[in-house]
>>> print(open('work.pdb').read())   # PDB, C-alpha atoms and all ligand atoms
MODEL        1
ATOM      1  CA  MET U   1     141.228  64.131  92.135
ATOM      2  CA  ALA U   2     141.608  67.176  89.927
ATOM      3  CA  THR U   3     140.177  70.367  91.361
ATOM      4  CA  ASN U   4     138.045  72.753  89.370
ATOM      5  CA  ASN U   5     140.977  75.043  88.875
ATOM      6  CA  GLU U   6     143.164  72.268  87.517
ATOM      7  CA  ASN U   7     140.444  71.304  85.060
ATOM      8  CA  LYS U   8     140.233  74.912  83.950
ATOM      9  CA  ASN U   9     143.968  74.922  83.455
ATOM     10  CA  ILE U  10     143.713  72.185  80.823
ATOM     11  CA  LEU U  11     141.420  74.462  78.841
ATOM     12  CA  MET U  12     143.590  77.538  79.371
ATOM     13  CA  PRO U  13     143.928  79.700  76.274
ATOM     14  CA  ARG U  14     147.420  79.732  74.809
ATOM     15  CA  LYS U  15     147.892  83.392  75.623
ATOM     16  CA  TYR U  16     148.454  82.387  79.260
ATOM     17  CA  PHE U  17     151.474  80.312  80.190
ATOM     18  CA  LYS U  18     152.024  78.019  83.143
ATOM     19  CA  VAL U  19     155.051  78.621  85.367
ATOM     20  CA  ALA U  20     154.552  75.847  87.933
ATOM     21  CA  ASN U  21     151.635  74.268  89.785
ATOM     22  CA  GLY U  22     149.185  77.050  90.629
ATOM     23  CA  ILE U  23     151.209  79.801  88.938
ATOM     24  CA  TRP U  24     150.321  81.299  85.577
ATOM     25  CA  GLY U  25     151.676  84.193  83.581
ATOM     26  CA  MET U  26     150.515  86.435  80.778
ATOM     27  CA  LYS U  27     152.698  88.452  78.447
ATOM     28  CA  ILE U  28     151.283  91.915  77.800
ATOM     29  CA  LEU U  29     153.150  93.217  74.751
ATOM     30  CA  PHE U  30     156.622  92.918  76.311
ATOM     31  CA  VAL U  31     156.031  92.544  80.059
ATOM     32  CA  ASN U  32     154.631  89.713  82.194
ATOM     33  CA  ILE U  33     152.141  89.575  85.031
ATOM     34  CA  TYR U  34     151.647  86.528  87.257
ATOM     35  CA  MET U  35     148.722  84.985  89.097
ATOM     36  CA  ILE U  36     149.430  82.648  92.003
ATOM     37  CA  ARG U  37     146.840  80.377  93.583
ATOM     38  CA  THR U  38     147.540  80.559  97.317
ATOM     39  CA  SER U  39     144.740  78.294  98.588
ATOM     40  CA  PRO U  40     141.979  76.348  96.811
ATOM     41  CA  ASP U  41     139.898  79.491  96.826
ATOM     42  CA  GLU U  42     142.366  82.385  96.932
ATOM     43  CA  TRP U  43     144.940  83.962  94.710
ATOM     44  CA  VAL U  44     147.390  86.876  94.465
ATOM     45  CA  LEU U  45     148.385  89.036  91.494
ATOM     46  CA  VAL U  46     152.058  89.871  90.977
ATOM     47  CA  ASP U  47     152.620  93.108  89.040
ATOM     48  CA  ALA U  48     150.093  94.981  86.929
ATOM     49  CA  GLY U  49     151.330  95.265  83.343
ATOM     50  CA  LEU U  50     150.943  98.133  80.928
ATOM     51  CA  PRO U  51     148.299 100.891  80.864
ATOM     52  CA  LYS U  52     145.008  99.814  79.267
ATOM     53  CA  SER U  53     145.582  96.130  80.094
ATOM     54  CA  ALA U  54     143.223  95.951  83.107
ATOM     55  CA  GLY U  55     140.508  94.294  80.977
ATOM     56  CA  ARG U  56     142.883  91.541  79.856
ATOM     57  CA  ILE U  57     144.105  90.952  83.400
ATOM     58  CA  ILE U  58     140.546  90.681  84.742
ATOM     59  CA  LYS U  59     139.623  88.285  81.912
ATOM     60  CA  MET U  60     142.562  86.061  82.784
ATOM     61  CA  ALA U  61     141.553  86.072  86.450
ATOM     62  CA  GLU U  62     138.018  85.073  85.468
ATOM     63  CA  ALA U  63     139.316  82.213  83.306
ATOM     64  CA  LEU U  64     141.454  80.902  86.167
ATOM     65  CA  PHE U  65     139.483  81.627  89.298
ATOM     66  CA  GLY U  66     135.939  82.449  88.216
ATOM     67  CA  VAL U  67     133.897  85.642  87.943
ATOM     68  CA  ASN U  68     133.912  88.129  90.839
ATOM     69  CA  LYS U  69     136.899  86.547  92.477
ATOM     70  CA  PRO U  70     139.254  89.429  93.258
ATOM     71  CA  PRO U  71     142.786  88.597  94.391
ATOM     72  CA  LYS U  72     143.524  88.728  98.117
ATOM     73  CA  ALA U  73     146.306  91.177  97.313
ATOM     74  CA  ILE U  74     148.528  92.574  94.608
ATOM     75  CA  VAL U  75     152.287  92.338  95.141
ATOM     76  CA  LEU U  76     154.623  94.584  93.172
ATOM     77  CA  THR U  77     158.152  93.503  92.348
ATOM     78  CA  HIS U  78     158.732  97.220  91.702
ATOM     79  CA  GLY U  79     156.843 100.279  90.512
ATOM     80  CA  HIS U  80     158.156 100.892  86.988
ATOM     81  CA  PHE U  81     155.454 101.977  84.531
ATOM     82  CA  ASP U  82     155.386  98.579  82.790
ATOM     83  CA  HIS U  83     154.697  96.780  86.079
ATOM     84  CA  THR U  84     152.057  99.177  87.421
ATOM     85  CA  GLY U  85     150.397 100.437  84.218
ATOM     86  CA  ALA U  86     146.963  98.893  84.827
ATOM     87  CA  LEU U  87     147.102  99.173  88.602
ATOM     88  CA  GLN U  88     144.905 102.224  89.178
ATOM     89  CA  GLU U  89     142.306 100.871  86.764
ATOM     90  CA  LEU U  90     142.376  97.442  88.438
ATOM     91  CA  LEU U  91     141.906  98.962  91.892
ATOM     92  CA  LYS U  92     138.585 100.413  90.735
ATOM     93  CA  THR U  93     137.352  96.821  90.316
ATOM     94  CA  TRP U  94     139.473  95.124  92.965
ATOM     95  CA  ASP U  95     139.836  97.309  96.053
ATOM     96  CA  VAL U  96     142.625  95.201  97.605
ATOM     97  CA  PRO U  97     145.923  95.918  99.364
ATOM     98  CA  VAL U  98     148.975  96.466  97.159
ATOM     99  CA  TYR U  99     152.181  95.280  98.824
ATOM    100  CA  ALA U 100     155.532  96.848  98.008
ATOM    101  CA  HIS U 101     158.928  97.289  99.643
ATOM    102  CA  ARG U 102     159.497 100.350 101.864
ATOM    103  CA  LEU U 103     162.051 101.820  99.429
ATOM    104  CA  GLU U 104     159.589 101.599  96.552
ATOM    105  CA  LEU U 105     156.834 103.583  98.292
ATOM    106  CA  PRO U 106     157.958 107.083  97.144
ATOM    107  CA  TYR U 107     157.206 106.054  93.537
ATOM    108  CA  LEU U 108     153.782 104.671  94.463
ATOM    109  CA  THR U 109     152.631 107.575  96.610
ATOM    110  CA  GLY U 110     153.408 110.486  94.300
ATOM    111  CA  LYS U 111     156.532 111.552  96.224
ATOM    112  CA  SER U 112     159.414 110.980  93.828
ATOM    113  CA  SER U 113     160.223 110.177  90.222
ATOM    114  CA  TYR U 114     162.604 107.322  89.468
ATOM    115  CA  PRO U 115     166.120 108.144  88.304
ATOM    116  CA  PRO U 116     165.883 109.025  84.590
ATOM    117  CA  ALA U 117     166.200 106.206  82.046
ATOM    118  CA  ASP U 118     169.558 105.874  80.317
ATOM    119  CA  PRO U 119     169.072 105.541  76.546
ATOM    120  CA  THR U 120     172.854 105.660  75.979
ATOM    121  CA  VAL U 121     173.493 102.077  77.140
ATOM    122  CA  GLY U 122     172.704 100.688  73.670
ATOM    123  CA  GLY U 123     171.485  97.212  72.776
ATOM    124  CA  GLY U 124     168.492  98.040  70.579
ATOM    125  CA  LEU U 125     165.313  99.972  70.010
ATOM    126  CA  MET U 126     163.914  99.604  73.548
ATOM    127  CA  SER U 127     167.048 101.270  74.919
ATOM    128  CA  TYR U 128     167.108 104.082  72.384
ATOM    129  CA  THR U 129     163.469 104.985  72.993
ATOM    130  CA  SER U 130     163.648 104.634  76.780
ATOM    131  CA  PHE U 131     164.019 108.403  77.253
ATOM    132  CA  MET U 132     160.272 108.539  76.478
ATOM    133  CA  PHE U 133     159.305 106.094  79.263
ATOM    134  CA  PRO U 134     157.284 107.665  82.088
ATOM    135  CA  MET U 135     159.415 107.745  85.242
ATOM    136  CA  THR U 136     157.035 109.897  87.287
ATOM    137  CA  PRO U 137     155.310 108.338  90.298
ATOM    138  CA  ILE U 138     151.767 107.035  90.527
ATOM    139  CA  ASP U 139     149.705 107.625  93.651
ATOM    140  CA  ILE U 140     147.973 104.614  95.200
ATOM    141  CA  THR U 141     148.375 105.822  98.783
ATOM    142  CA  ARG U 142     144.915 104.466  99.650
ATOM    143  CA  ASN U 143     145.833 100.863  98.814
ATOM    144  CA  VAL U 144     149.584 100.559  99.170
ATOM    145  CA  VAL U 145     150.955  98.657 102.187
ATOM    146  CA  GLU U 146     154.616  98.410 103.169
ATOM    147  CA  LEU U 147     155.990  94.862 103.281
ATOM    148  CA  ASP U 148     157.058  93.900 106.778
ATOM    149  CA  GLU U 149     160.751  93.044 106.978
ATOM    150  CA  HIS U 150     160.491  91.966 110.631
ATOM    151  CA  MET U 151     158.485  88.835 109.885
ATOM    152  CA  ASP U 152     161.277  86.892 108.133
ATOM    153  CA  ASN U 153     160.192  88.622 104.930
ATOM    154  CA  ARG U 154     157.055  86.509 104.760
ATOM    155  CA  LEU U 155     154.527  87.563 102.153
ATOM    156  CA  PRO U 156     150.984  88.208 103.390
ATOM    157  CA  PHE U 157     148.340  85.886 101.923
ATOM    158  CA  MET U 158     151.089  83.748 100.370
ATOM    159  CA  PRO U 159     151.934  80.806 102.669
ATOM    160  CA  GLY U 160     155.411  79.438 101.975
ATOM    161  CA  TRP U 161     156.531  82.525 100.028
ATOM    162  CA  ARG U 162     159.085  85.123 101.056
ATOM    163  CA  PHE U 163     160.212  88.327  99.447
ATOM    164  CA  VAL U 164     163.875  88.907  98.762
ATOM    165  CA  PRO U 165     165.047  92.536  98.490
ATOM    166  CA  THR U 166     166.875  92.726  95.141
ATOM    167  CA  PRO U 167     167.689  96.429  94.565
ATOM    168  CA  GLY U 168     169.737  97.854  91.704
ATOM    169  CA  HIS U 169     167.127  97.941  88.956
ATOM    170  CA  ALA U 170     164.721  99.838  91.230
ATOM    171  CA  PRO U 171     165.482 100.976  94.802
ATOM    172  CA  GLY U 172     162.828  98.813  96.480
ATOM    173  CA  HIS U 173     162.837  95.979  93.968
ATOM    174  CA  ILE U 174     161.868  92.587  95.397
ATOM    175  CA  SER U 175     161.810  89.038  94.115
ATOM    176  CA  LEU U 176     159.344  86.418  95.368
ATOM    177  CA  PHE U 177     160.496  82.936  96.376
ATOM    178  CA  ASP U 178     158.490  79.814  97.148
ATOM    179  CA  GLU U 179     160.830  78.010  99.536
ATOM    180  CA  LYS U 180     159.200  74.605  99.264
ATOM    181  CA  HIS U 181     159.141  74.307  95.481
ATOM    182  CA  HIS U 182     162.045  76.668  94.782
ATOM    183  CA  VAL U 183     159.994  78.764  92.382
ATOM    184  CA  LEU U 184     161.359  82.261  91.879
ATOM    185  CA  ILE U 185     159.523  85.276  90.529
ATOM    186  CA  ALA U 186     162.444  87.579  89.887
ATOM    187  CA  GLY U 187     160.728  90.689  88.506
ATOM    188  CA  ASP U 188     163.429  92.617  86.646
ATOM    189  CA  ALA U 189     166.330  91.642  88.969
ATOM    190  CA  PHE U 190     167.267  89.503  85.982
ATOM    191  CA  VAL U 191     165.165  88.693  82.936
ATOM    192  CA  THR U 192     165.001  85.863  80.401
ATOM    193  CA  THR U 193     165.213  87.829  77.170
ATOM    194  CA  LYS U 194     167.427  90.592  75.835
ATOM    195  CA  ILE U 195     164.914  93.293  76.707
ATOM    196  CA  GLU U 196     167.035  96.081  75.210
ATOM    197  CA  SER U 197     166.249  94.709  71.747
ATOM    198  CA  ALA U 198     162.668  94.872  70.445
ATOM    199  CA  ILE U 199     163.532  92.054  67.988
ATOM    200  CA  SER U 200     164.671  89.727  70.765
ATOM    201  CA  VAL U 201     161.522  90.497  72.780
ATOM    202  CA  ALA U 202     159.253  89.840  69.766
ATOM    203  CA  ARG U 203     161.045  86.552  69.014
ATOM    204  CA  GLN U 204     161.008  85.570  72.691
ATOM    205  CA  THR U 205     164.658  84.567  72.490
ATOM    206  CA  LYS U 206     165.062  82.793  75.812
ATOM    207  CA  VAL U 207     168.268  83.531  77.690
ATOM    208  CA  VAL U 208     168.964  84.548  81.279
ATOM    209  CA  SER U 209     170.093  88.176  81.033
ATOM    210  CA  GLY U 210     170.903  90.996  83.424
ATOM    211  CA  PRO U 211     168.289  93.586  84.407
ATOM    212  CA  PRO U 212     167.061  95.938  81.657
ATOM    213  CA  LYS U 213     170.112  98.151  81.116
ATOM    214  CA  PHE U 214     168.282 101.386  80.324
ATOM    215  CA  LEU U 215     166.408 101.456  83.662
ATOM    216  CA  THR U 216     169.051 100.091  86.028
ATOM    217  CA  TYR U 217     170.504 102.818  88.234
ATOM    218  CA  ASP U 218     172.947 100.855  90.465
ATOM    219  CA  TRP U 219     175.064  98.120  88.903
ATOM    220  CA  ASP U 220     176.896  96.972  92.081
ATOM    221  CA  ALA U 221     173.585  96.513  93.887
ATOM    222  CA  SER U 222     172.253  94.665  90.840
ATOM    223  CA  LYS U 223     175.128  92.215  90.892
ATOM    224  CA  ASN U 224     174.636  91.549  94.616
ATOM    225  CA  SER U 225     170.973  90.922  93.916
ATOM    226  CA  VAL U 226     171.539  88.283  91.229
ATOM    227  CA  GLN U 227     174.159  86.625  93.449
ATOM    228  CA  LYS U 228     171.561  86.452  96.206
ATOM    229  CA  LEU U 229     169.056  84.855  93.816
ATOM    230  CA  LEU U 230     171.586  82.275  92.561
ATOM    231  CA  MET U 231     172.222  81.218  96.162
ATOM    232  CA  LEU U 232     168.529  80.422  96.603
ATOM    233  CA  GLU U 233     168.993  77.626  94.021
ATOM    234  CA  PRO U 234     165.729  78.230  92.170
ATOM    235  CA  LYS U 235     164.349  75.369  90.074
ATOM    236  CA  VAL U 236     162.034  77.617  88.060
ATOM    237  CA  ALA U 237     162.442  81.319  87.372
ATOM    238  CA  ALA U 238     159.717  83.554  85.981
ATOM    239  CA  THR U 239     160.741  87.131  85.277
ATOM    240  CA  GLY U 240     159.239  90.462  84.262
ATOM    241  CA  HIS U 241     160.328  90.016  80.645
ATOM    242  CA  GLY U 242     160.730  86.733  78.735
ATOM    243  CA  MET U 243     159.440  83.221  79.300
ATOM    244  CA  PRO U 244     160.147  81.073  82.395
ATOM    245  CA  ILE U 245     163.322  78.979  82.547
ATOM    246  CA  GLN U 246     163.677  75.755  84.530
ATOM    247  CA  GLY U 247     166.096  73.132  85.774
ATOM    248  CA  ALA U 248     169.710  72.692  84.735
ATOM    249  CA  LYS U 249     169.420  75.336  82.036
ATOM    250  CA  LEU U 250     168.366  77.910  84.635
ATOM    251  CA  THR U 251     171.149  76.926  87.057
ATOM    252  CA  ARG U 252     173.784  77.062  84.326
ATOM    253  CA  GLN U 253     172.643  80.355  82.837
ATOM    254  CA  LEU U 254     172.094  82.061  86.188
ATOM    255  CA  LYS U 255     175.585  81.060  87.314
ATOM    256  CA  HIS U 256     177.004  82.404  84.068
ATOM    257  CA  LEU U 257     175.069  85.636  84.563
ATOM    258  CA  VAL U 258     176.716  86.143  87.956
ATOM    259  CA  ASP U 259     180.203  85.067  86.791
ATOM    260  CA  ALA U 260     180.192  87.283  83.707
ATOM    261  CA  PHE U 261     178.061  90.116  85.134
ATOM    262  CA  GLU U 262     180.629  92.904  84.620
ATOM    263  CA  GLN U 263     181.481  91.785  81.079
ATOM    264  CA  GLU U 264     178.008  90.967  79.772
ATOM    265  CA  SER U 265     175.369  92.712  81.879
ATOM    266  CA  VAL U 266     176.905  96.018  82.933
ATOM    267  CA  PRO U 267     176.907  98.258  79.840
ATOM    268  CA  ALA U 268     180.313  99.361  78.551
ATOM    269  CA  PHE U 269     179.151 102.955  78.739
ATOM    270  CA  GLY U 270     176.264 104.711  80.447
ATOM    271  CA  ARG U 271     175.082 107.275  82.936
ATOM    272  CA  TYR U 272     175.024 104.928  85.948
ATOM    273  CA  VAL U 273     178.164 102.919  85.132
ATOM    274  CA  PRO U 274     180.733 105.184  86.833
ATOM    275  CA  GLU U 275     178.499 105.832  89.840
ATOM    276  CA  PRO U 276     174.942 104.934  90.870
ATOM    277  CA  ALA U 277     171.983 107.172  91.539
ATOM    278  CA  ARG U 278     171.108 107.222  95.230
ATOM    279  CA  ALA U 279     167.699 106.836  96.813
ATOM    280  CA  ASN U 280     166.244 106.419 100.298
ATOM    281  CA  ALA U 281     162.770 106.067 101.817
ATOM    282  CA  GLN U 282     161.986 109.630 100.651
ATOM    283  CA  GLY U 283     162.861 108.831  97.045
ATOM    284  CA  VAL U 284     165.739 109.726  94.740
ATOM    285  CA  GLN U 285     168.383 111.887  96.449
ATOM    286  CA  TYR U 286     171.144 112.050  93.855
ATOM    287  CA  VAL U 287     171.442 111.403  90.128
ATOM    288  CA  PRO U 288     174.894 111.450  88.481
ATOM    289  CA  GLY U 289     175.343 113.937  85.647
ATOM    290  CA  LEU U 290     175.588 112.780  82.055
ATOM    291  CA  PRO U 291     179.111 111.583  81.186
ATOM    292  CA  PHE U 292     181.112 114.038  79.050
ATOM    293  CA  GLY U 293     180.895 111.876  75.886
ATOM    294  CA  ILE U 294     177.103 111.783  76.059
ATOM    295  CA  LYS U 295     176.942 115.533  76.735
ATOM    296  CA  ALA U 296     179.150 116.197  73.699
ATOM    297  CA  VAL U 297     176.946 114.031  71.453
ATOM    298  CA  ALA U 298     173.772 115.652  72.827
ATOM    299  CA  ALA U 299     175.239 119.146  72.275
ATOM    300  CA  LEU U 300     176.285 118.239  68.727
ATOM    301  CA  VAL U 301     172.793 116.919  67.925
ATOM    302  CA  THR U 302     171.208 120.089  69.379
ATOM    303  CA  ILE U 303     173.544 122.408  67.434
ATOM    304  CA  THR U 304     172.963 120.473  64.178
ATOM    305  CA  ALA U 305     169.185 120.513  64.675
ATOM    306  CA  ALA U 306     169.205 124.249  65.494
ATOM    307  CA  ALA U 307     171.355 125.002  62.432
ATOM    308  CA  ALA U 308     169.073 122.937  60.174
ATOM    309  CA  ALA U 309     165.994 124.702  61.571
ATOM    310  CA  PHE U 310     167.642 128.097  61.042
ATOM    311  CA  VAL U 311     168.462 127.300  57.386
ATOM    312  CA  LEU U 312     164.933 125.980  56.768
ATOM    313  CA  ILE U 313     163.268 129.032  58.314
ATOM    314  CA  LYS U 314     165.587 131.357  56.405
ATOM    315  CA  LYS U 315     164.819 129.555  53.102
ATOM    316  CA  ARG U 316     161.084 129.737  53.823
ATOM    317  CA  ARG U 317     161.286 133.422  54.682
ATOM    318  CA  GLN U 318     163.325 134.027  51.531
ATOM    319  CA  SER U 319     160.763 132.262  49.346
ATOM    320  CA  LEU U 320     157.914 134.206  50.994
ATOM    321  CA  LEU U 321     159.860 137.395  50.365
ATOM    322  CA  ASP U 322     160.484 136.359  46.736
ATOM    323  CA  ARG U 323     156.804 135.654  46.264
ATOM    324  CA  ALA U 324     155.832 139.011  47.800
ATOM    325  CA  LEU U 325     158.325 140.827  45.618
ATOM    326  CA  GLY U 326     157.030 138.883  42.604
ATOM    327  CA  LEU U 327     153.555 140.168  43.332
ATOM    328  CA  VAL U 328     154.756 143.760  43.568
ATOM    329  CA  PHE U 329     157.008 143.732  40.489
TER     330      PHE U 329
HETATM  331 ZN    ZN K 401     161.663  97.571  85.695
HETATM  332 ZN    ZN K 402     160.074  95.671  83.481
ENDMDL
END
>>> encode(input="work.pdb", output="structure tokens")
Amino acid sequence: MATNNENKNILMPRKYFKVANGIWGMKILFVNIYMIRTSPDEWVLVDAGLPKSAGRIIKMAEALFGVNKPPKAIVLTHGHFDHTGALQELLKTWDVPVYAHRLELPYLTGKSSYPPADPTVGGGLMSYTSFMFPMTPIDITRNVVELDEHMDNRLPFMPGWRFVPTPGHAPGHISLFDEKHHVLIAGDAFVTTKIESAISVARQTKVVSGPPKFLTYDWDASKNSVQKLLMLEPKVAATGHGMPIQGAKLTRQLKHLVDAFEQESVPAFGRYVPEPARANAQGVQYVPGLPFGIKAVAALVTITAAAAAFVLIKKRRQSLLDRALGLVF
């Protein structure tokens, strides 16, 4: 017999998408959040979207689970601004624990900023504008709880699910895996659209791709992470950006991602390509300097802009002077 929730699912608005039984997603501009039913009466939220999206997230929860039905917990794949944007607002309505990996806590408790974004990796508008992304920490000390790695990485309130540490894109990045149904929520360990390009994101071009290049600070760790995820043999993968991918297509594309990682996912050029940033439980400890080529381009742009400003100011001053002299003579 169909349960209430399943009936509701039939009437689900198109703006929500189904990942697998009991798992739904919503795309907020360019990033996804997920809701997972963990028992007939309970559910968990994975990630918290962009700022100002709390209302939309609560509406979705009401459509799926009913009014005044807060999640048992919120689990964060990582703390980047596009995965935690609505979190503080949501916690005002839902005062629930927020689970995150130990190495992600500095960015959730106001202790450390993330390594800076790298807009030099190329690939499209999202990359080029990434220098404007907020990389400073939020502070949810009151709600955040460290995930326990001594319990076989089991996820609280989520029977049958485990978390898999998948660092490289963020120091304490995790993926979530349902061992029985082989459903993977991969966060940004890999994604299913070319996130660097705003056009690809808008078109929802579906292809298994490496982690967003402009925010990935350790490429070796990233490769190990996608290898780890391939070995889990997921049947469905839902990621932080792009639509879910299933079956043979997922297996084929994920294998290709691992096999061609250096050629296709690691950028040819970028701040974190020669060496990674380093972070520990206290936060970021070391950030490599900008490569010489990037420094030279940045210096050239600065000199050109300064020269242009100087000429403009001089011209303006000259015309003011001309006008003043015109008044006198
Ligand atoms: Zn991210
Ligand atoms: Zn993301």
>>> residues_near_ligand(input="work.pdb", ligand="ligand ZN 401 (chain K)", cutoff="10 Å", atoms="all atoms listed in the file", output="JSON, numbers by chain")
{"U": [31, 77, 78, 79, 80, 81, 82, 83, 84, 169, 170, 173, 187, 188, 189, 190, 191, 211, 212, 213, 214, 215, 216, 240, 241]}
>>> residues_around(input="work.pdb", residues="U:Pro70", least_positions_apart="2", cutoff="12 Å", atoms="only C-alpha atoms", output="count of residues only")
29
>>> atom_distance(input="work.pdb", atom1="atom CA of U:Leu29", atom2="atom CA of U:Ala202")
8.6 Å
>>> closest_residue(input="work.pdb", among="U:Gln282, U:Ser265, U:Thr38, U:Gln204", to="U:Pro106", atoms="all atoms listed in the file")
U:Gln282
>>> closest_residue(input="work.pdb", among="U:Asp178, U:Glu196, U:Glu89, U:Glu149", to="ligand ZN 402 (chain K)", atoms="all atoms listed in the file")
U:Glu196
>>> atom_distance(input="work.pdb", atom1="atom CA of U:Ile138", atom2="atom CA of U:Ala100")
13.2 Å
>>> atom_distance(input="work.pdb", atom1="atom CA of U:Arg203", atom2="atom CA of U:Asp218")
28.4 Å
>>> closest_residue(input="work.pdb", among="U:Leu105, U:Ile195, U:Leu125, U:Leu250", to="ligand ZN 402 (chain K)", atoms="only C-alpha atoms and all ligand atoms")
U:Ile195
>>> residues_around(input="work.pdb", residues="U:Pro276", least_positions_apart="3", cutoff="10 Å", atoms="only C-alpha atoms", output="mmCIF file with C-alpha atoms, keeping the file's coordinate frame")
data_model
loop_
_atom_site.group_PDB
_atom_site.id
_atom_site.type_symbol
_atom_site.label_atom_id
_atom_site.label_comp_id
_atom_site.auth_asym_id
_atom_site.auth_seq_id
_atom_site.Cartn_x
_atom_site.Cartn_y
_atom_site.Cartn_z
ATOM 1 C CA PRO U 115 166.120 108.144 88.304
ATOM 2 C CA GLY U 168 169.737 97.854 91.704
ATOM 3 C CA THR U 216 169.051 100.091 86.028
ATOM 4 C CA TYR U 217 170.504 102.818 88.234
ATOM 5 C CA ASP U 218 172.947 100.855 90.465
ATOM 6 C CA TRP U 219 175.064 98.120 88.903
ATOM 7 C CA ASP U 220 176.896 96.972 92.081
ATOM 8 C CA ALA U 221 173.585 96.513 93.887
ATOM 9 C CA ARG U 271 175.082 107.275 82.936
ATOM 10 C CA TYR U 272 175.024 104.928 85.948
ATOM 11 C CA VAL U 273 178.164 102.919 85.132
ATOM 12 C CA ALA U 279 167.699 106.836 96.813
ATOM 13 C CA TYR U 286 171.144 112.050 93.855
ATOM 14 C CA VAL U 287 171.442 111.403 90.128
ATOM 15 C CA PRO U 288 174.894 111.450 88.481
#
>>> closest_residue(input="work.pdb", among="U:Lys27, U:His150, U:Arg278, U:His256", to="ligand ZN 402 (chain K)", atoms="all atoms listed in the file")
U:Lys27
>>> build_atoms(input="work.pdb", residues="stretch 17-32 of chain U", atoms="N, CA and C atoms", output="short mmCIF file (atom, residue, chain, number, x, y, z; two decimals), keeping the file's coordinate frame")
data_model
loop_
_atom_site.label_atom_id
_atom_site.label_comp_id
_atom_site.auth_asym_id
_atom_site.auth_seq_id
_atom_site.Cartn_x
_atom_site.Cartn_y
_atom_site.Cartn_z
N PHE U 17 150.51 81.40 80.09
CA PHE U 17 151.47 80.31 80.19
C PHE U 17 151.61 79.86 81.64
N LYS U 18 151.91 78.57 81.79
CA LYS U 18 152.02 78.02 83.14
C LYS U 18 153.48 78.09 83.59
N VAL U 19 153.70 78.52 84.83
CA VAL U 19 155.05 78.62 85.37
C VAL U 19 155.37 77.37 86.19
N ALA U 20 154.44 77.02 87.06
CA ALA U 20 154.55 75.85 87.93
C ALA U 20 153.13 75.57 88.42
N ASN U 21 152.98 74.56 89.28
CA ASN U 21 151.64 74.27 89.78
C ASN U 21 151.03 75.49 90.46
N GLY U 22 149.87 75.92 89.99
CA GLY U 22 149.18 77.05 90.63
C GLY U 22 149.75 78.42 90.29
N ILE U 23 150.64 78.50 89.32
CA ILE U 23 151.21 79.80 88.94
C ILE U 23 151.11 79.96 87.42
N TRP U 24 150.49 81.04 87.00
CA TRP U 24 150.32 81.30 85.58
C TRP U 24 150.82 82.70 85.26
N GLY U 25 151.22 82.88 84.01
CA GLY U 25 151.68 84.19 83.58
C GLY U 25 150.96 84.62 82.32
N MET U 26 151.01 85.91 82.06
CA MET U 26 150.51 86.44 80.78
C MET U 26 151.49 87.52 80.32
N LYS U 27 151.82 87.43 79.03
CA LYS U 27 152.70 88.45 78.45
C LYS U 27 151.81 89.56 77.88
N ILE U 28 152.02 90.77 78.33
CA ILE U 28 151.28 91.92 77.80
C ILE U 28 152.29 92.74 76.99
N LEU U 29 152.22 92.60 75.69
CA LEU U 29 153.15 93.22 74.75
C LEU U 29 154.60 92.79 75.01
N PHE U 30 155.24 93.32 76.05
CA PHE U 30 156.62 92.92 76.31
C PHE U 30 156.89 92.64 77.79
N VAL U 31 155.83 92.71 78.61
CA VAL U 31 156.03 92.54 80.06
C VAL U 31 155.07 91.48 80.59
N ASN U 32 155.47 90.78 81.65
CA ASN U 32 154.63 89.71 82.19
C ASN U 32 153.95 90.11 83.50
#
